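One structure is given here, and the rest of the page talks about it.
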Amino acid sequence: MASEKMIQYGSKRSVIRELFEYGNQRAREVGRENVFDYSLGNPAVPAPAAVQKTAIELLSSDDLMAVHGYTSAQGDAATRQAVADHLNATYGTAFTADNFYMTCGAAASLTITLKALTESPEDEVLINAPFFPEYLLFVENGGAKPVVVPAHEPDFQVNFEALAERINVHTRAVIINSPNNPSGVVYSEETIEKLADLLRTKSKEIGHSIFLISDEPYREIVFDGVTVPYVTKYYDNTIVCYSYSKSLSLPGERIGWILVPDAVTESRTVYAAVCGAGRALGFVCAPSLFQKVIAKCAGETSDLSFYRTNRDLIYNGLKKIGYECAEPSGAFYLFIRSLEPDANAFSEHAKRYNLLLVPSDDFGCTGYVRAAYCVKTDMIERSMTAFRKLYDDYRS
């Protein structure tokens, strides 16, 4: 008999994917232009020209084995050094190639990291709400127990009181995601400093280090001059999981990395565990072509100003109608307060106007819907009439 747990995972798509598939079905019925699909965080901005240029040059090489052949299990050394050089120049750090493990995107980075850090069913990983729903699966797959820390409303910074209450001797790690999916909120420097202080204090109390896993696929997408603190500079036991899916608009190419800084307690042992977890999970030698693209394009980004334009349009438009929204300082998501307590019912009601909004329950809090505004700008403009009609339904 197949694994019951895996059957459960495979038999039900995430609420995001379910809504996306519904949108495809609805588009066939009424036309794509009449469906306002805010379900999936799929970048709508082209990759920078340097990515295409580099890929073409690599594919035109006479030594195709150098392009398509296996790299070292932890990734091509030149690529890892290029990533280190970029971060060092940008954030004033001092990383080397040996601090990095190249992966198939952020999901692989998180899965590997959690497998490396947990080993007992009693181990607990704290997840700050709202959060990307797959975190729960990733923690369970690592063999540990996910523990949800309730959201701090309305600013969606860390709920420190609830976090402190949940830390105990079984706590192995805390996951943060800033800029945040689904709220678009960026954790302030004050939040990161306070979090670092709390984890240092609690680590001493429970007698072992608590790792901070910083999931950062949206790091470069920020607005209004907001700065995303580089977490390794605030808390030594930080492991960073990164993906180029958003910054370079390469979600389907599955390329990213794990950073294990030297400041991490027993860093070489932890790095060895990351390598071992990558081996055990079959995540060795990330896609060779795109490793080499990254080596040439580290520091490049797509035209991220597109998301600022869309953010202003949808946020200001919905606020003008009367909706309440968490103000997004980054990523490309808007967290909209549901017009009724049951976000799932509200999401279903929105379908009457072909508005596809993801209910917040699977993100770890209730009473909101998420709109992914990484869509064509004209779709946002056209959807405002539908948002107005939906709002009027609840106010009439």
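Going through the structure tokens in order, the chains are called A, B, and so on, while each chain numbers its residues from 1 and the ligands are numbered from 1 in the order shown.
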
Residue list (helix (DSSP H, G or I), DSSP) for stretch 285-375 of chain A, as a PDB file with N, CA and C atoms, in the first residue's frame:
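Generated output (part34.pdb):
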```
ATOM      1  N   SER A 288      22.247  22.521 -14.136  1.00  0.00           N
ATOM      2  CA  SER A 288      23.582  23.010 -14.461  1.00  0.00           C
ATOM      3  C   SER A 288      23.550  24.279 -15.313  1.00  0.00           C
ATOM      4  N   LEU A 289      22.715  24.302 -16.338  1.00  0.00           N
ATOM      5  CA  LEU A 289      22.656  25.470 -17.222  1.00  0.00           C
ATOM      6  C   LEU A 289      22.346  26.725 -16.419  1.00  0.00           C
ATOM      7  N   PHE A 290      21.337  26.645 -15.543  1.00  0.00           N
ATOM      8  CA  PHE A 290      20.947  27.858 -14.828  1.00  0.00           C
ATOM      9  C   PHE A 290      21.852  28.165 -13.647  1.00  0.00           C
ATOM     10  N   GLN A 291      22.590  27.206 -13.151  1.00  0.00           N
ATOM     11  CA  GLN A 291      23.660  27.566 -12.224  1.00  0.00           C
ATOM     12  C   GLN A 291      24.640  28.505 -12.917  1.00  0.00           C
ATOM     13  N   LYS A 292      24.994  28.150 -14.142  1.00  0.00           N
ATOM     14  CA  LYS A 292      25.991  28.951 -14.867  1.00  0.00           C
ATOM     15  C   LYS A 292      25.416  30.291 -15.327  1.00  0.00           C
ATOM     16  N   VAL A 293      24.106  30.330 -15.586  1.00  0.00           N
ATOM     17  CA  VAL A 293      23.461  31.615 -15.862  1.00  0.00           C
ATOM     18  C   VAL A 293      23.551  32.515 -14.631  1.00  0.00           C
ATOM     19  N   ILE A 294      23.271  31.938 -13.461  1.00  0.00           N
ATOM     20  CA  ILE A 294      23.333  32.716 -12.215  1.00  0.00           C
ATOM     21  C   ILE A 294      24.743  33.243 -11.983  1.00  0.00           C
ATOM     22  N   ALA A 295      25.746  32.452 -12.299  1.00  0.00           N
ATOM     23  CA  ALA A 295      27.134  32.893 -12.100  1.00  0.00           C
ATOM     24  C   ALA A 295      27.414  34.185 -12.855  1.00  0.00           C
ATOM     25  N   LYS A 296      26.776  34.334 -14.015  1.00  0.00           N
ATOM     26  CA  LYS A 296      26.983  35.531 -14.839  1.00  0.00           C
ATOM     27  C   LYS A 296      26.007  36.655 -14.502  1.00  0.00           C
ATOM     28  N   CYS A 297      24.875  36.314 -13.892  1.00  0.00           N
ATOM     29  CA  CYS A 297      23.789  37.291 -13.708  1.00  0.00           C
ATOM     30  C   CYS A 297      23.469  37.590 -12.249  1.00  0.00           C
ATOM     31  N   SER A 305       9.920  47.538 -11.012  1.00  0.00           N
ATOM     32  CA  SER A 305       9.043  48.698 -10.852  1.00  0.00           C
ATOM     33  C   SER A 305       7.621  48.393 -11.319  1.00  0.00           C
ATOM     34  N   PHE A 306       7.487  47.386 -12.155  1.00  0.00           N
ATOM     35  CA  PHE A 306       6.170  46.938 -12.620  1.00  0.00           C
ATOM     36  C   PHE A 306       5.264  46.602 -11.444  1.00  0.00           C
ATOM     37  N   TYR A 307       5.834  45.953 -10.435  1.00  0.00           N
ATOM     38  CA  TYR A 307       5.034  45.545  -9.280  1.00  0.00           C
ATOM     39  C   TYR A 307       4.632  46.748  -8.426  1.00  0.00           C
ATOM     40  N   ARG A 308       5.479  47.764  -8.388  1.00  0.00           N
ATOM     41  CA  ARG A 308       5.124  48.996  -7.673  1.00  0.00           C
ATOM     42  C   ARG A 308       3.913  49.639  -8.345  1.00  0.00           C
ATOM     43  N   THR A 309       3.910  49.688  -9.667  1.00  0.00           N
ATOM     44  CA  THR A 309       2.775  50.253 -10.406  1.00  0.00           C
ATOM     45  C   THR A 309       1.494  49.492 -10.084  1.00  0.00           C
ATOM     46  N   ASN A 310       1.580  48.169 -10.125  1.00  0.00           N
ATOM     47  CA  ASN A 310       0.407  47.344  -9.838  1.00  0.00           C
ATOM     48  C   ASN A 310      -0.033  47.467  -8.387  1.00  0.00           C
ATOM     49  N   ARG A 311       0.939  47.524  -7.471  1.00  0.00           N
ATOM     50  CA  ARG A 311       0.611  47.670  -6.049  1.00  0.00           C
ATOM     51  C   ARG A 311      -0.208  48.926  -5.814  1.00  0.00           C
ATOM     52  N   ASP A 312       0.269  50.053  -6.372  1.00  0.00           N
ATOM     53  CA  ASP A 312      -0.429  51.321  -6.171  1.00  0.00           C
ATOM     54  C   ASP A 312      -1.836  51.273  -6.751  1.00  0.00           C
ATOM     55  N   LEU A 313      -1.956  50.659  -7.908  1.00  0.00           N
ATOM     56  CA  LEU A 313      -3.245  50.621  -8.601  1.00  0.00           C
ATOM     57  C   LEU A 313      -4.278  49.817  -7.809  1.00  0.00           C
ATOM     58  N   ILE A 314      -3.915  48.611  -7.384  1.00  0.00           N
ATOM     59  CA  ILE A 314      -4.905  47.765  -6.707  1.00  0.00           C
ATOM     60  C   ILE A 314      -5.120  48.218  -5.268  1.00  0.00           C
ATOM     61  N   TYR A 315      -4.072  48.588  -4.556  1.00  0.00           N
ATOM     62  CA  TYR A 315      -4.218  49.004  -3.167  1.00  0.00           C
ATOM     63  C   TYR A 315      -5.046  50.286  -3.061  1.00  0.00           C
ATOM     64  N   ASN A 316      -4.676  51.293  -3.831  1.00  0.00           N
ATOM     65  CA  ASN A 316      -5.403  52.557  -3.775  1.00  0.00           C
ATOM     66  C   ASN A 316      -6.822  52.401  -4.308  1.00  0.00           C
ATOM     67  N   GLY A 317      -6.980  51.566  -5.347  1.00  0.00           N
ATOM     68  CA  GLY A 317      -8.306  51.356  -5.909  1.00  0.00           C
ATOM     69  C   GLY A 317      -9.253  50.695  -4.930  1.00  0.00           C
ATOM     70  N   LEU A 318      -8.774  49.671  -4.225  1.00  0.00           N
ATOM     71  CA  LEU A 318      -9.637  48.969  -3.281  1.00  0.00           C
ATOM     72  C   LEU A 318      -9.906  49.815  -2.038  1.00  0.00           C
ATOM     73  N   LYS A 319      -8.912  50.556  -1.588  1.00  0.00           N
ATOM     74  CA  LYS A 319      -9.129  51.434  -0.440  1.00  0.00           C
ATOM     75  C   LYS A 319     -10.183  52.499  -0.775  1.00  0.00           C
ATOM     76  N   LYS A 320     -10.149  53.000  -1.989  1.00  0.00           N
ATOM     77  CA  LYS A 320     -11.126  54.014  -2.412  1.00  0.00           C
ATOM     78  C   LYS A 320     -12.536  53.446  -2.407  1.00  0.00           C
ATOM     79  N   ILE A 321     -12.680  52.187  -2.824  1.00  0.00           N
ATOM     80  CA  ILE A 321     -13.995  51.542  -2.812  1.00  0.00           C
ATOM     81  C   ILE A 321     -14.483  51.363  -1.384  1.00  0.00           C
ATOM     82  N   ALA A 343     -13.819  33.653   5.257  1.00  0.00           N
ATOM     83  CA  ALA A 343     -13.083  34.024   4.044  1.00  0.00           C
ATOM     84  C   ALA A 343     -13.356  33.072   2.890  1.00  0.00           C
ATOM     85  N   ASN A 344     -13.578  31.799   3.194  1.00  0.00           N
ATOM     86  CA  ASN A 344     -13.884  30.836   2.131  1.00  0.00           C
ATOM     87  C   ASN A 344     -15.210  31.177   1.458  1.00  0.00           C
ATOM     88  N   ALA A 345     -16.210  31.542   2.265  1.00  0.00           N
ATOM     89  CA  ALA A 345     -17.502  31.939   1.705  1.00  0.00           C
ATOM     90  C   ALA A 345     -17.358  33.215   0.883  1.00  0.00           C
ATOM     91  N   PHE A 346     -16.545  34.142   1.372  1.00  0.00           N
ATOM     92  CA  PHE A 346     -16.319  35.386   0.628  1.00  0.00           C
ATOM     93  C   PHE A 346     -15.636  35.110  -0.714  1.00  0.00           C
ATOM     94  N   SER A 347     -14.639  34.211  -0.693  1.00  0.00           N
ATOM     95  CA  SER A 347     -13.948  33.833  -1.922  1.00  0.00           C
ATOM     96  C   SER A 347     -14.922  33.211  -2.927  1.00  0.00           C
ATOM     97  N   GLU A 348     -15.828  32.368  -2.422  1.00  0.00           N
ATOM     98  CA  GLU A 348     -16.833  31.755  -3.297  1.00  0.00           C
ATOM     99  C   GLU A 348     -17.772  32.820  -3.864  1.00  0.00           C
ATOM    100  N   HIS A 349     -18.158  33.764  -3.041  1.00  0.00           N
ATOM    101  CA  HIS A 349     -19.048  34.832  -3.499  1.00  0.00           C
ATOM    102  C   HIS A 349     -18.365  35.660  -4.588  1.00  0.00           C
ATOM    103  N   ALA A 350     -17.055  35.893  -4.436  1.00  0.00           N
ATOM    104  CA  ALA A 350     -16.314  36.695  -5.419  1.00  0.00           C
ATOM    105  C   ALA A 350     -16.304  36.036  -6.799  1.00  0.00           C
ATOM    106  N   LYS A 351     -16.430  34.716  -6.830  1.00  0.00           N
ATOM    107  CA  LYS A 351     -16.451  34.014  -8.110  1.00  0.00           C
ATOM    108  C   LYS A 351     -17.635  34.440  -8.976  1.00  0.00           C
ATOM    109  N   ARG A 352     -18.702  34.941  -8.361  1.00  0.00           N
ATOM    110  CA  ARG A 352     -19.852  35.404  -9.140  1.00  0.00           C
ATOM    111  C   ARG A 352     -19.445  36.512 -10.097  1.00  0.00           C
ATOM    112  N   TYR A 353     -18.414  37.229  -9.745  1.00  0.00           N
ATOM    113  CA  TYR A 353     -17.914  38.321 -10.569  1.00  0.00           C
ATOM    114  C   TYR A 353     -16.592  37.953 -11.237  1.00  0.00           C
ATOM    115  N   ASP A 361      -7.465  31.097   5.267  1.00  0.00           N
ATOM    116  CA  ASP A 361      -7.376  30.060   6.299  1.00  0.00           C
ATOM    117  C   ASP A 361      -6.118  29.214   6.172  1.00  0.00           C
ATOM    118  N   ASP A 362      -5.751  28.822   4.951  1.00  0.00           N
ATOM    119  CA  ASP A 362      -4.565  27.998   4.744  1.00  0.00           C
ATOM    120  C   ASP A 362      -3.267  28.776   4.960  1.00  0.00           C
ATOM    121  N   PHE A 363      -3.365  30.101   5.064  1.00  0.00           N
ATOM    122  CA  PHE A 363      -2.195  30.921   5.373  1.00  0.00           C
ATOM    123  C   PHE A 363      -2.003  31.090   6.883  1.00  0.00           C
TER     124      PHE A 363
END
```

task: With a distance cut-off of 12 Å and only C-alpha atoms, select the neighbouring residues of stretch 43-60 of chain A, excluding the residue or stretch itself and same-chain residues fewer than 4 positions from it, and output the selection as an NGL selection string.
output: :A and (38-39 or 64-68 or 217-218 or 221 or 244-253 or 288-307 or 310 or 331-333 or 372-377 or 379)

query: For A:Arg166, which of A:Ser3, A:Asn128, A:Thr191, A:Thr113 is the closest residue, counting only C-alpha atoms?
result: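 Result for the nearest residue to A:Arg166: A:Asn128.
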
Stretch 202-298 of chain A near stretch 136-153 of chain A within 12 Å: what's each residue's closest atom pair and its distance in Å to one decimal, counting only C-alpha atoms, ordered by chain then ascending residue number, as a Markdown table?
```
| residue | atom | partner | partner_atom | distance |
| --- | --- | --- | --- | --- |
| A:Ile213 | CA | A:Val139 | CA | 11.8 |
| A:Ala277 | CA | A:Gly142 | CA | 9.5 |
| A:Gly278 | CA | A:Gly142 | CA | 11.9 |
| A:Ala280 | CA | A:Gly142 | CA | 11.3 |
| A:Leu281 | CA | A:Gly142 | CA | 10.1 |
```

Go ahead and write the selection's residues with all heavy atoms as a PDB file, in the first residue's frame.
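Writing the result to part_38.pdb gives the following:
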```
ATOM      1  N   ILE A 213      15.269  30.290  10.208  1.00  0.00           N
ATOM      2  CA  ILE A 213      15.262  30.010   8.767  1.00  0.00           C
ATOM      3  C   ILE A 213      14.566  31.169   8.082  1.00  0.00           C
ATOM      4  O   ILE A 213      13.369  31.399   8.279  1.00  0.00           O
ATOM      5  CB  ILE A 213      14.538  28.687   8.455  1.00  0.00           C
ATOM      6  CG1 ILE A 213      15.204  27.527   9.194  1.00  0.00           C
ATOM      7  CG2 ILE A 213      14.522  28.430   6.952  1.00  0.00           C
ATOM      8  CD1 ILE A 213      14.433  26.210   9.089  1.00  0.00           C
ATOM      9  N   ALA A 277      21.257  16.021   3.631  1.00  0.00           N
ATOM     10  CA  ALA A 277      19.824  16.079   3.358  1.00  0.00           C
ATOM     11  C   ALA A 277      19.565  16.226   1.866  1.00  0.00           C
ATOM     12  O   ALA A 277      18.643  15.603   1.319  1.00  0.00           O
ATOM     13  CB  ALA A 277      19.194  17.240   4.128  1.00  0.00           C
ATOM     14  N   GLY A 278      20.380  17.036   1.200  1.00  0.00           N
ATOM     15  CA  GLY A 278      20.244  17.160  -0.252  1.00  0.00           C
ATOM     16  C   GLY A 278      20.449  15.827  -0.943  1.00  0.00           C
ATOM     17  O   GLY A 278      19.718  15.457  -1.878  1.00  0.00           O
ATOM     18  N   ALA A 280      20.035  12.774   0.501  1.00  0.00           N
ATOM     19  CA  ALA A 280      18.960  11.855   0.876  1.00  0.00           C
ATOM     20  C   ALA A 280      17.667  12.153   0.122  1.00  0.00           C
ATOM     21  O   ALA A 280      16.901  11.240  -0.210  1.00  0.00           O
ATOM     22  CB  ALA A 280      18.719  11.935   2.376  1.00  0.00           C
ATOM     23  N   LEU A 281      17.434  13.427  -0.152  1.00  0.00           N
ATOM     24  CA  LEU A 281      16.199  13.823  -0.840  1.00  0.00           C
ATOM     25  C   LEU A 281      16.344  13.835  -2.359  1.00  0.00           C
ATOM     26  O   LEU A 281      15.365  14.070  -3.073  1.00  0.00           O
ATOM     27  CB  LEU A 281      15.774  15.212  -0.352  1.00  0.00           C
ATOM     28  CG  LEU A 281      15.356  15.301   1.120  1.00  0.00           C
ATOM     29  CD1 LEU A 281      15.230  16.758   1.546  1.00  0.00           C
ATOM     30  CD2 LEU A 281      14.054  14.554   1.349  1.00  0.00           C
TER      31      LEU A 281
END
```
